[in-house]
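> Got run.tsv for you, TSV, C-alpha atoms:
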chain	number	residue	atom	x	y	z
A	1	MET	CA	0.00	0.00	0.00
A	2	PRO	CA	1.21	3.55	-0.73
A	3	TYR	CA	2.92	5.76	1.85
A	4	ILE	CA	2.82	9.51	2.49
A	5	LEU	CA	6.43	10.67	2.82
A	6	SER	CA	6.26	14.47	2.91
A	7	THR	CA	3.92	17.43	2.83
A	8	SER	CA	4.46	21.19	2.92
A	9	HIS	CA	2.45	24.37	2.79
A	10	ILE	CA	3.43	27.86	1.65
A	11	GLN	CA	3.06	31.04	3.68
A	12	LEU	CA	1.23	33.50	1.45
A	13	PRO	CA	2.17	37.19	1.47
A	14	TYR	CA	-0.69	38.89	3.34
A	15	LEU	CA	-1.66	37.87	6.87
A	16	PHE	CA	-4.74	39.50	8.42
A	17	ALA	CA	-6.18	39.20	11.90
A	18	GLN	CA	-9.83	38.21	11.92
A	19	GLU	CA	-10.75	41.44	13.72
A	20	LYS	CA	-9.34	43.49	10.84
A	21	LEU	CA	-11.30	41.44	8.32
A	22	MET	CA	-14.46	41.89	10.37
A	23	GLU	CA	-14.07	45.67	10.31
A	24	PHE	CA	-13.36	45.53	6.57
A	25	SER	CA	-16.63	43.63	6.10
A	26	ARG	CA	-18.51	46.15	8.24
A	27	GLU	CA	-17.19	48.89	5.96
A	28	ILE	CA	-18.27	47.02	2.80
A	29	PHE	CA	-21.59	45.53	3.91
A	30	GLY	CA	-22.71	47.71	6.84
A	31	SER	CA	-25.20	49.79	4.88
A	32	SER	CA	-26.84	46.72	3.31
A	33	PHE	CA	-27.84	44.77	6.43
A	34	LYS	CA	-29.96	46.23	9.23
A	35	ASP	CA	-28.67	43.50	11.54
A	36	ILE	CA	-25.02	43.80	10.52
A	37	ASP	CA	-23.72	43.53	14.11
A	38	ARG	CA	-25.52	40.23	14.60
A	39	LEU	CA	-24.30	38.86	11.26
A	40	LEU	CA	-20.72	39.91	11.97
A	41	ARG	CA	-20.71	37.63	15.02
A	42	ALA	CA	-19.89	34.89	12.53
A	43	PHE	CA	-16.37	36.32	12.39
A	44	LYS	CA	-15.92	35.66	16.11
A	45	ASN	CA	-18.07	32.56	16.53
A	46	GLY	CA	-16.16	30.75	13.78
A	47	GLN	CA	-13.05	30.74	16.01
A	48	VAL	CA	-10.79	31.85	13.16
A	49	ASP	CA	-7.98	34.08	14.45
A	50	SER	CA	-6.15	34.90	11.23
A	51	ARG	CA	-6.12	34.22	7.50
A	52	TYR	CA	-3.70	34.49	4.59
A	53	PHE	CA	-4.52	36.14	1.24
A	54	ILE	CA	-2.48	36.71	-1.93
A	55	LYS	CA	-3.74	40.29	-2.27
A	56	ASP	CA	-3.78	43.25	0.12
A	57	LEU	CA	-7.13	44.51	1.42
A	58	GLU	CA	-7.04	47.51	-0.92
A	59	TRP	CA	-7.45	45.10	-3.87
A	60	PHE	CA	-10.76	43.85	-2.47
A	61	LYS	CA	-12.20	47.36	-2.17
A	62	ARG	CA	-12.34	47.66	-5.96
A	63	ASP	CA	-14.50	45.87	-8.51
A	64	HIS	CA	-12.78	43.22	-10.62
A	65	SER	CA	-13.99	41.36	-13.67
A	66	PHE	CA	-13.99	37.57	-13.91
A	67	GLU	CA	-11.01	37.93	-16.27
A	68	GLU	CA	-9.02	39.96	-13.72
A	69	ARG	CA	-9.79	37.53	-10.93
A	70	ASN	CA	-8.87	34.51	-13.00
A	71	ASN	CA	-5.63	36.05	-14.26
A	72	ALA	CA	-4.69	36.73	-10.64
A	73	PHE	CA	-5.50	33.11	-9.84
A	74	ILE	CA	-3.28	31.75	-12.63
A	75	GLU	CA	-0.37	33.99	-11.67
A	76	GLY	CA	-0.65	33.13	-7.97
A	77	ALA	CA	-1.27	29.42	-8.53
A	78	VAL	CA	1.81	29.02	-10.72
A	79	THR	CA	4.06	31.08	-8.43
A	80	TYR	CA	3.06	29.51	-5.13
A	81	GLY	CA	2.34	26.05	-6.54
A	82	THR	CA	5.93	25.93	-7.80
A	83	LYS	CA	7.21	26.91	-4.35
A	84	ALA	CA	5.01	24.29	-2.66
A	85	ILE	CA	6.40	21.49	-4.83
A	86	GLN	CA	9.96	22.59	-4.15
A	87	SER	CA	9.27	22.82	-0.42
A	88	CYS	CA	7.59	19.41	-0.28
A	89	LEU	CA	10.40	17.61	-2.10
A	90	SER	CA	13.11	19.23	0.03
A	91	ASN	CA	11.33	19.24	3.41
A	92	GLY	CA	14.10	18.42	5.90
A	93	THR	CA	11.58	17.56	8.59
A	94	PHE	CA	10.40	14.50	6.67
A	95	LEU	CA	13.08	13.69	4.08
A	96	LYS	CA	16.74	12.67	4.32
A	97	HIS	CA	17.54	14.44	1.07
A	98	GLU	CA	15.83	16.39	-1.66
A	99	VAL	CA	13.85	14.35	-4.16
A	100	ALA	CA	14.40	15.45	-7.76
A	101	VAL	CA	11.30	16.52	-9.65
A	102	GLN	CA	12.49	14.32	-12.53
A	103	GLU	CA	11.60	11.32	-10.34
A	104	ILE	CA	7.94	12.34	-10.10
A	105	GLU	CA	5.75	10.16	-12.31
A	106	ALA	CA	2.41	11.93	-11.86
A	107	ILE	CA	0.96	15.19	-10.52
A	108	PHE	CA	-2.58	15.37	-9.16
A	109	PHE	CA	-3.48	19.06	-9.26
A	110	VAL	CA	-6.49	20.10	-7.19
A	111	THR	CA	-8.39	23.38	-7.22
A	112	SER	CA	-11.89	24.86	-7.38
A	113	SER	CA	-11.08	28.56	-7.22
A	114	GLY	CA	-9.82	29.34	-10.72
A	115	ILE	CA	-9.77	28.11	-14.31
A	116	ALA	CA	-6.81	27.48	-16.59
A	117	THR	CA	-6.25	25.54	-19.80
A	118	PRO	CA	-3.47	24.46	-20.09
A	119	THR	CA	-3.87	23.61	-16.43
A	120	ILE	CA	-1.65	24.97	-13.66
A	121	ASP	CA	0.38	21.76	-13.47
A	122	ALA	CA	1.43	22.15	-17.12
A	123	ARG	CA	2.51	25.74	-16.48
A	124	ILE	CA	4.53	24.65	-13.44
A	125	MET	CA	6.20	21.91	-15.51
A	126	ASN	CA	7.53	24.70	-17.72
A	127	ARG	CA	9.21	26.24	-14.66
A	128	LEU	CA	10.62	23.14	-12.97
A	129	PRO	CA	12.66	20.39	-14.66
A	130	PHE	CA	9.99	17.68	-14.59
A	131	SER	CA	10.24	14.79	-17.01
A	132	PRO	CA	8.18	15.61	-20.11
A	133	TYR	CA	6.52	12.21	-19.60
A	134	THR	CA	5.08	13.15	-16.19
A	135	LYS	CA	1.37	12.34	-16.10
A	136	ARG	CA	-0.96	15.24	-15.31
A	137	ILE	CA	-4.25	14.55	-13.53
A	138	PRO	CA	-6.05	17.85	-12.79
A	139	LEU	CA	-9.08	17.63	-10.47
A	140	TRP	CA	-11.48	20.58	-10.52
A	141	GLY	CA	-14.73	21.36	-8.71
A	142	LEU	CA	-14.42	19.07	-5.69
A	143	GLY	CA	-14.26	22.02	-3.31
A	144	CYS	CA	-13.40	21.27	0.30
A	145	ALA	CA	-13.29	17.53	-0.42
A	146	GLY	CA	-10.66	17.98	-3.13
A	147	GLY	CA	-7.51	17.57	-1.02
A	148	ALA	CA	-8.69	14.25	0.37
A	149	SER	CA	-9.87	13.21	-3.10
A	150	GLY	CA	-6.44	14.01	-4.51
A	151	LEU	CA	-4.84	11.79	-1.87
A	152	SER	CA	-7.30	9.00	-2.71
A	153	ARG	CA	-6.64	9.17	-6.44
A	154	ALA	CA	-2.87	9.22	-5.80
A	155	PHE	CA	-3.30	6.15	-3.58
A	156	GLU	CA	-5.05	4.31	-6.41
A	157	TYR	CA	-2.36	5.34	-8.89
A	158	CYS	CA	0.42	4.07	-6.61
A	159	LYS	CA	-1.43	0.79	-6.06
A	160	ALA	CA	-1.47	0.29	-9.82
A	161	PHE	CA	2.14	1.45	-10.19
A	162	PRO	CA	3.92	0.50	-6.94
A	163	LYS	CA	7.26	1.96	-8.05
A	164	ALA	CA	5.72	5.39	-8.64
A	165	LYS	CA	6.45	8.66	-6.84
A	166	VAL	CA	3.61	11.16	-7.18
A	167	LEU	CA	2.54	14.59	-5.95
A	168	VAL	CA	-0.80	15.98	-4.83
A	169	LEU	CA	-0.73	19.76	-5.26
A	170	SER	CA	-3.64	21.85	-4.00
A	171	VAL	CA	-3.92	25.56	-4.75
A	172	GLU	CA	-6.98	27.41	-3.49
A	173	LEU	CA	-7.12	31.20	-3.75
A	174	CYS	CA	-10.64	31.56	-2.39
A	175	SER	CA	-10.25	35.25	-1.57
A	176	LEU	CA	-10.24	36.10	-5.28
A	177	SER	CA	-13.90	35.09	-5.43
A	178	PHE	CA	-14.86	37.85	-2.94
A	179	GLN	CA	-17.89	39.73	-4.27
A	180	ARG	CA	-18.14	43.20	-2.72
A	181	ASN	CA	-21.52	43.84	-4.39
A	182	ASP	CA	-23.13	40.54	-3.38
A	183	ARG	CA	-25.36	41.30	-0.40
A	184	SER	CA	-26.37	37.68	0.29
A	185	LYS	CA	-25.81	36.14	3.70
A	186	SER	CA	-23.92	33.27	2.04
A	187	ASN	CA	-21.40	35.78	0.73
A	188	LEU	CA	-21.02	37.36	4.16
A	189	ILE	CA	-20.52	33.97	5.85
A	190	GLY	CA	-18.02	32.99	3.17
A	191	THR	CA	-16.19	36.26	3.77
A	192	SER	CA	-15.89	35.35	7.46
A	193	LEU	CA	-14.38	31.93	6.82
A	194	PHE	CA	-12.59	31.30	3.53
A	195	SER	CA	-8.96	32.10	2.80
A	196	ASP	CA	-6.07	31.19	0.52
A	197	GLY	CA	-3.89	28.11	0.88
A	198	VAL	CA	-1.29	26.19	-1.11
A	199	ALA	CA	0.07	22.77	-0.13
A	200	CYS	CA	1.79	19.78	-1.71
A	201	THR	CA	2.06	16.14	-0.59
A	202	PHE	CA	4.51	13.47	-1.75
A	203	ILE	CA	3.27	9.86	-1.96
A	204	CYS	CA	5.07	6.72	-3.13
A	205	GLY	CA	4.17	3.14	-3.98
A	206	ASP	CA	5.26	0.31	-1.70
A	207	GLU	CA	8.05	-0.86	-4.04
A	208	VAL	CA	9.87	2.45	-3.61
A	209	ALA	CA	12.83	2.23	-1.21
A	210	ARG	CA	11.13	4.73	1.07
A	211	LYS	CA	13.46	4.19	4.05
A	212	ASN	CA	16.26	5.62	1.95
A	213	ILE	CA	14.14	8.76	1.54
A	214	SER	CA	12.10	9.15	4.74
A	215	LYS	CA	13.74	10.83	7.71
A	216	VAL	CA	11.00	10.15	10.26
A	217	LYS	CA	10.64	6.83	12.01
A	218	ARG	CA	6.98	6.23	11.13
A	219	VAL	CA	4.88	7.53	8.25
A	220	PRO	CA	1.18	7.14	7.38
A	221	LYS	CA	0.35	4.28	5.04
A	222	ILE	CA	-2.91	4.60	3.09
A	223	LEU	CA	-4.89	1.39	3.45
A	224	SER	CA	-8.22	2.18	1.83
A	225	THR	CA	-10.45	5.01	0.59
A	226	GLN	CA	-14.13	5.67	0.02
A	227	SER	CA	-15.91	8.31	-2.07
A	228	THR	CA	-19.59	8.95	-1.37
A	229	LEU	CA	-22.15	11.17	-3.10
A	230	MET	CA	-25.40	12.19	-1.44
A	231	PRO	CA	-28.28	12.13	-3.96
A	232	ASP	CA	-30.25	15.32	-4.65
A	233	SER	CA	-27.93	17.61	-2.71
A	234	LEU	CA	-26.50	19.81	-5.44
A	235	ASP	CA	-27.58	23.01	-3.70
A	236	VAL	CA	-25.73	22.40	-0.40
A	237	MET	CA	-22.46	24.05	-1.41
A	238	GLY	CA	-20.58	25.13	-4.50
A	239	TRP	CA	-20.28	28.06	-6.90
A	240	ASP	CA	-22.90	30.10	-8.69
A	241	VAL	CA	-21.04	31.23	-11.82
A	242	ARG	CA	-22.05	34.75	-12.89
A	243	ASN	CA	-20.60	37.48	-15.06
A	244	GLU	CA	-18.62	38.93	-12.14
A	245	GLY	CA	-17.09	35.58	-11.23
A	246	LEU	CA	-17.72	32.85	-8.67
A	247	HIS	CA	-20.40	33.44	-6.02
A	248	VAL	CA	-20.37	31.09	-3.04
A	249	ILE	CA	-23.25	28.71	-2.29
A	250	PHE	CA	-23.11	27.79	1.36
A	251	SER	CA	-26.20	26.21	2.97
A	252	LYS	CA	-26.91	26.86	6.63
A	253	ASP	CA	-28.00	23.21	6.86
A	254	ILE	CA	-24.48	21.81	6.38
A	255	PRO	CA	-23.85	21.04	10.09
A	256	THR	CA	-27.23	19.25	10.36
A	257	ILE	CA	-26.52	17.25	7.20
A	258	ILE	CA	-23.15	16.19	8.60
A	259	SER	CA	-24.65	15.17	11.93
A	260	ASN	CA	-27.21	12.92	10.25
A	261	TRP	CA	-25.19	11.56	7.31
A	262	LEU	CA	-21.53	11.23	8.26
A	263	LYS	CA	-21.69	8.47	10.88
A	264	PRO	CA	-23.48	5.86	8.71
A	265	ASN	CA	-21.07	6.71	5.91
A	266	VAL	CA	-18.04	6.18	8.17
A	267	GLU	CA	-19.49	2.97	9.60
A	268	VAL	CA	-19.92	1.48	6.12
A	269	PHE	CA	-16.33	2.40	5.26
A	270	LEU	CA	-14.83	0.97	8.43
A	271	ASP	CA	-16.94	-2.18	8.18
A	272	LYS	CA	-15.60	-2.81	4.67
A	273	ASN	CA	-12.12	-2.75	6.20
A	274	ASP	CA	-13.03	-4.95	9.21
A	275	MET	CA	-12.52	-1.98	11.50
A	276	LYS	CA	-14.51	-0.33	14.26
A	277	GLN	CA	-14.64	3.32	15.18
A	278	SER	CA	-12.92	2.47	18.47
A	279	ASN	CA	-9.82	1.47	16.44
A	280	ILE	CA	-9.39	5.05	15.17
A	281	ARG	CA	-6.90	7.00	17.26
A	282	HIS	CA	-6.39	10.01	14.98
A	283	PHE	CA	-8.92	12.08	13.05
A	284	ILE	CA	-7.39	14.04	10.15
A	285	ALA	CA	-10.46	16.17	9.47
A	286	HIS	CA	-10.92	19.02	7.02
A	287	PRO	CA	-12.01	21.90	9.29
A	288	GLY	CA	-14.82	23.40	7.23
A	289	GLY	CA	-15.70	25.69	10.14
A	290	LYS	CA	-16.33	25.51	13.88
A	291	LYS	CA	-19.91	24.30	13.38
A	292	VAL	CA	-18.68	21.66	10.94
A	293	ILE	CA	-16.09	20.41	13.45
A	294	ASP	CA	-18.75	20.33	16.18
A	295	ALA	CA	-20.95	18.29	13.82
A	296	TYR	CA	-18.07	15.84	13.26
A	297	CYS	CA	-17.77	15.30	17.01
A	298	GLU	CA	-21.54	15.01	17.51
A	299	SER	CA	-21.97	12.56	14.65
A	300	LEU	CA	-18.98	10.33	15.40
A	301	GLY	CA	-18.89	10.69	19.18
A	302	PHE	CA	-15.32	11.99	19.10
A	303	HIS	CA	-13.87	13.92	22.02
A	304	GLU	CA	-12.59	17.45	21.39
A	305	GLU	CA	-9.02	16.15	21.60
A	306	MET	CA	-9.60	14.23	18.36
A	307	VAL	CA	-10.16	17.49	16.44
A	308	LYS	CA	-7.54	19.56	18.25
A	309	ILE	CA	-5.18	19.78	15.26
A	310	SER	CA	-8.00	20.58	12.85
A	311	MET	CA	-9.08	23.41	15.15
A	312	GLU	CA	-5.50	24.72	15.29
A	313	VAL	CA	-5.39	24.92	11.50
A	314	LEU	CA	-8.81	26.59	11.37
A	315	ARG	CA	-7.74	29.23	13.90
A	316	GLU	CA	-4.47	30.01	12.16
A	317	TYR	CA	-5.54	29.80	8.51
A	318	GLY	CA	-9.34	29.67	8.15
A	319	ASN	CA	-10.96	27.40	5.57
A	320	MET	CA	-8.71	27.06	2.51
A	321	SER	CA	-11.05	24.66	0.71
A	322	SER	CA	-9.22	21.59	-0.65
A	323	ALA	CA	-5.80	22.62	0.66
A	324	THR	CA	-6.87	22.67	4.30
A	325	ILE	CA	-6.69	18.93	4.96
A	326	LEU	CA	-3.10	18.88	3.67
A	327	TYR	CA	-2.21	21.51	6.30
A	328	VAL	CA	-3.84	19.26	8.92
A	329	LEU	CA	-1.99	16.22	7.57
A	330	GLU	CA	1.33	18.05	7.83
A	331	LYS	CA	0.75	18.74	11.53
A	332	PHE	CA	-0.14	15.09	12.13
A	333	MET	CA	3.03	13.96	10.36
A	334	GLU	CA	5.05	16.13	12.73
A	335	GLN	CA	3.64	14.15	15.69
A	336	ASP	CA	5.38	11.10	17.19
A	337	ILE	CA	2.58	8.63	16.46
A	338	SER	CA	3.07	5.06	17.63
A	339	GLU	CA	3.57	2.10	15.35
A	340	GLY	CA	0.35	0.57	14.06
A	341	GLU	CA	-2.01	3.34	15.15
A	342	TYR	CA	-4.91	4.07	12.81
A	343	GLY	CA	-6.13	7.38	11.51
A	344	LEU	CA	-9.23	8.44	9.60
A	345	ALA	CA	-8.95	11.32	7.14
A	346	ALA	CA	-12.24	12.97	6.17
A	347	ALA	CA	-13.36	15.87	4.03
A	348	LEU	CA	-16.75	16.97	2.74
A	349	GLY	CA	-17.50	18.97	-0.38
A	350	PRO	CA	-19.93	19.93	-3.14
A	351	GLY	CA	-22.12	17.26	-4.52
A	352	PHE	CA	-22.82	16.87	-1.51
A	353	SER	CA	-19.96	14.42	-1.08
A	354	SER	CA	-17.43	12.93	1.28
A	355	GLU	CA	-13.95	11.47	0.87
A	356	LEU	CA	-12.58	9.11	3.52
A	357	LEU	CA	-9.12	7.57	3.88
A	358	LEU	CA	-7.97	4.91	6.34
A	359	LEU	CA	-4.36	5.40	7.46
A	360	ARG	CA	-1.94	3.39	9.59
A	361	TRP	CA	1.41	4.67	10.86
A	362	GLU	CA	4.27	2.26	10.09
A	363	GLU	CA	8.07	2.20	10.21
Let's see the structure in the file written out as structure tokens.


Amino acid sequence: MPYILSTSHIQLPYLFAQEKLMEFSREIFGSSFKDIDRLLRAFKNGQVDSRYFIKDLEWFKRDHSFEERNNAFIEGAVTYGTKAIQSCLSNGTFLKHEVAVQEIEAIFFVTSSGIATPTIDARIMNRLPFSPYTKRIPLWGLGCAGGASGLSRAFEYCKAFPKAKVLVLSVELCSLSFQRNDRSKSNLIGTSLFSDGVACTFICGDEVARKNISKVKRVPKILSTQSTLMPDSLDVMGWDVRNEGLHVIFSKDIPTIISNWLKPNVEVFLDKNDMKQSNIRHFIAHPGGKKVIDAYCESLGFHEEMVKISMEVLREYGNMSSATILYVLEKFMEQDISEGEYGLAAALGPGFSSELLLLRWEE
């Protein structure tokens, strides 16, 4: 079974405290909502302390066409995606030595926040000395589930090609979708939560001499995955594509849906793998928001300690869509996790859908 050997994220140029972003939103939206003070509580109740953007706040005070937004996405995705790959393959915390990009057989590129053809991975391959035979597998539109989906598809690739070394690169520049003239509550809630994130993960098949590469004693091995789509739930989350760009769709019912739907989904997955929920020691959860994390705990009966790392990422970075779970994974990989302990990785996204991965830490 494939192993995760390294993962890295990139610090983006503009860091803002949540209080500053709340006051910015009051300035933009204050005249449009009679109950603006009540609505702005979402900025505090979400337990996000800070977020990273690729543009300064002055950029968001002006109107931008879809073309301008998307050009900014392409420029940022190529620049910071390149840095994330370089960081991942030279991460001294996890690797004994730098892995050459020429050794990478496939790139799974994940995003939902911008459009490019040729895709971002092709543009990055023109900057870094990848083999021209590197396979490109771009995944678009999976939203918050995309990072976990990228890991799952990389797992399947490495099962088929056990000598392969592959990358999962996620670039989400959600801030570029900010709509200053959209007076919907969904837009305001999205403004309180979403941010920009870029991360890359390095995975290898089990015929790779990983102990010659890996610096840490134990790494997560991917044992199994499960993708699930909820019927007739297209309106739960996603994008409404308009002339100005991407407008967020974000149902207030998401926490309730998670509470009712996630546990049976997880039970089916674990049962297929002859596992019980009591076997899971680590929960690598995409932190979609504080209410989403609370719904995870309510549905699965997990103690707050199980979502501690996810909450840390949410506080420091906000919700970076597909990239967020890779930030959480990186923090887990920095932990001294005992041999043979199991972890469950989970992310939920548009569709409405879930992606689950069963992990076990091994020497």

> Restricting the calculation to all atoms listed in the file: of A:Ala148, A:Cys158, A:Gly143, A:Ser175, which residue gets closest to Asn70 in chain A?

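Smallest separation from Asn70 in chain A among the options: A:Ser175.
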
> Select from range 154-217 of chain A every residue with an atom at most 9 Å from any atom of range 94-98 of chain A, then for each give the shortest pair of atoms and their distance in Å to one decimal, using only C-alpha atoms, rows by chain and rising number, as CSV.


residue,atom,partner,partner_atom,distance
A:Asn212,CA,A:Lys96,CA,7.5
A:Ile213,CA,A:Lys96,CA,5.5
A:Ser214,CA,A:Leu95,CA,4.7
A:Lys215,CA,A:Leu95,CA,4.7
A:Val216,CA,A:Phe94,CA,5.7

> Would you work out the distance separating CA of Ser131 in chain A from CA of Lys221 in chain A, expressed in Å to one decimal?

26.4 Å

> Could you jot down the CA of Ala84 in chain A to CA of Arg51 in chain A separation for me, Å, one decimal place?

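A separation of 18.0 Å between them.
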
> Between A:Ser113, A:Arg180, A:Lys165, A:Ser65, which one has atoms that come closest to Ala100 in chain A, using only C-alpha atoms?

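With only C-alpha atoms as the atom set, the closest residue is A:Lys165.
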
> Would you mind completing range 282-302 of chain A so that it carries N, CA, C and O atoms, and writing it out as a CSV table (one decimal), in the frame of the given file?


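See selection_18.csv below for the written result:
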chain,number,residue,atom,x,y,z
A,282,HIS,N,-6.7,8.7,15.5
A,282,HIS,CA,-6.4,10.0,15.0
A,282,HIS,C,-7.4,10.4,13.9
A,282,HIS,O,-7.7,9.6,13.0
A,283,PHE,N,-7.9,11.6,14.0
A,283,PHE,CA,-8.9,12.1,13.0
A,283,PHE,C,-8.4,13.3,12.3
A,283,PHE,O,-8.2,14.4,12.8
A,284,ILE,N,-8.0,13.0,11.0
A,284,ILE,CA,-7.4,14.0,10.2
A,284,ILE,C,-8.6,14.7,9.4
A,284,ILE,O,-8.9,14.3,8.2
A,285,ALA,N,-9.2,15.6,10.0
A,285,ALA,CA,-10.5,16.2,9.5
A,285,ALA,C,-10.3,17.5,8.8
A,285,ALA,O,-9.6,18.4,9.3
A,286,HIS,N,-10.9,17.7,7.6
A,286,HIS,CA,-10.9,19.0,7.0
A,286,HIS,C,-11.8,19.9,7.9
A,286,HIS,O,-13.0,19.7,8.1
A,287,PRO,N,-11.2,21.0,8.4
A,287,PRO,CA,-12.0,21.9,9.3
A,287,PRO,C,-12.8,22.9,8.5
A,287,PRO,O,-12.4,24.0,8.2
A,288,GLY,N,-14.0,22.5,8.0
A,288,GLY,CA,-14.8,23.4,7.2
A,288,GLY,C,-15.3,24.6,8.0
A,288,GLY,O,-15.7,25.6,7.3
A,289,GLY,N,-15.2,24.6,9.3
A,289,GLY,CA,-15.7,25.7,10.1
A,289,GLY,C,-16.0,25.1,11.5
A,289,GLY,O,-16.0,23.9,11.7
A,290,LYS,N,-16.1,26.0,12.5
A,290,LYS,CA,-16.3,25.5,13.9
A,290,LYS,C,-17.6,24.7,14.0
A,290,LYS,O,-17.6,23.6,14.6
A,291,LYS,N,-18.7,25.1,13.3
A,291,LYS,CA,-19.9,24.3,13.4
A,291,LYS,C,-19.7,23.0,12.7
A,291,LYS,O,-20.3,22.0,13.1
A,292,VAL,N,-18.9,22.9,11.6
A,292,VAL,CA,-18.7,21.7,10.9
A,292,VAL,C,-17.9,20.7,11.9
A,292,VAL,O,-18.2,19.5,11.9
A,293,ILE,N,-16.9,21.2,12.5
A,293,ILE,CA,-16.1,20.4,13.4
A,293,ILE,C,-17.0,19.9,14.6
A,293,ILE,O,-16.9,18.7,15.0
A,294,ASP,N,-17.8,20.8,15.1
A,294,ASP,CA,-18.8,20.3,16.2
A,294,ASP,C,-19.7,19.2,15.7
A,294,ASP,O,-20.0,18.3,16.4
A,295,ALA,N,-20.1,19.3,14.4
A,295,ALA,CA,-21.0,18.3,13.8
A,295,ALA,C,-20.2,17.0,13.7
A,295,ALA,O,-20.8,15.9,13.8
A,296,TYR,N,-18.9,17.0,13.3
A,296,TYR,CA,-18.1,15.8,13.3
A,296,TYR,C,-18.1,15.1,14.6
A,296,TYR,O,-18.3,13.9,14.7
A,297,CYS,N,-17.8,15.9,15.7
A,297,CYS,CA,-17.8,15.3,17.0
A,297,CYS,C,-19.1,14.7,17.4
A,297,CYS,O,-19.2,13.6,18.0
A,298,GLU,N,-20.2,15.5,17.2
A,298,GLU,CA,-21.5,15.0,17.5
A,298,GLU,C,-21.9,13.7,16.8
A,298,GLU,O,-22.4,12.8,17.3
A,299,SER,N,-21.6,13.7,15.5
A,299,SER,CA,-22.0,12.6,14.6
A,299,SER,C,-21.2,11.3,15.0
A,299,SER,O,-21.7,10.2,15.1
A,300,LEU,N,-19.9,11.5,15.2
A,300,LEU,CA,-19.0,10.3,15.4
A,300,LEU,C,-18.7,10.0,16.9
A,300,LEU,O,-18.1,9.0,17.2
A,301,GLY,N,-19.1,10.9,17.8
A,301,GLY,CA,-18.9,10.7,19.2
A,301,GLY,C,-17.4,10.9,19.6
A,301,GLY,O,-17.0,10.4,20.6
A,302,PHE,N,-16.7,11.7,18.8
A,302,PHE,CA,-15.3,12.0,19.1
A,302,PHE,C,-15.2,13.1,20.2
A,302,PHE,O,-15.9,14.0,20.2
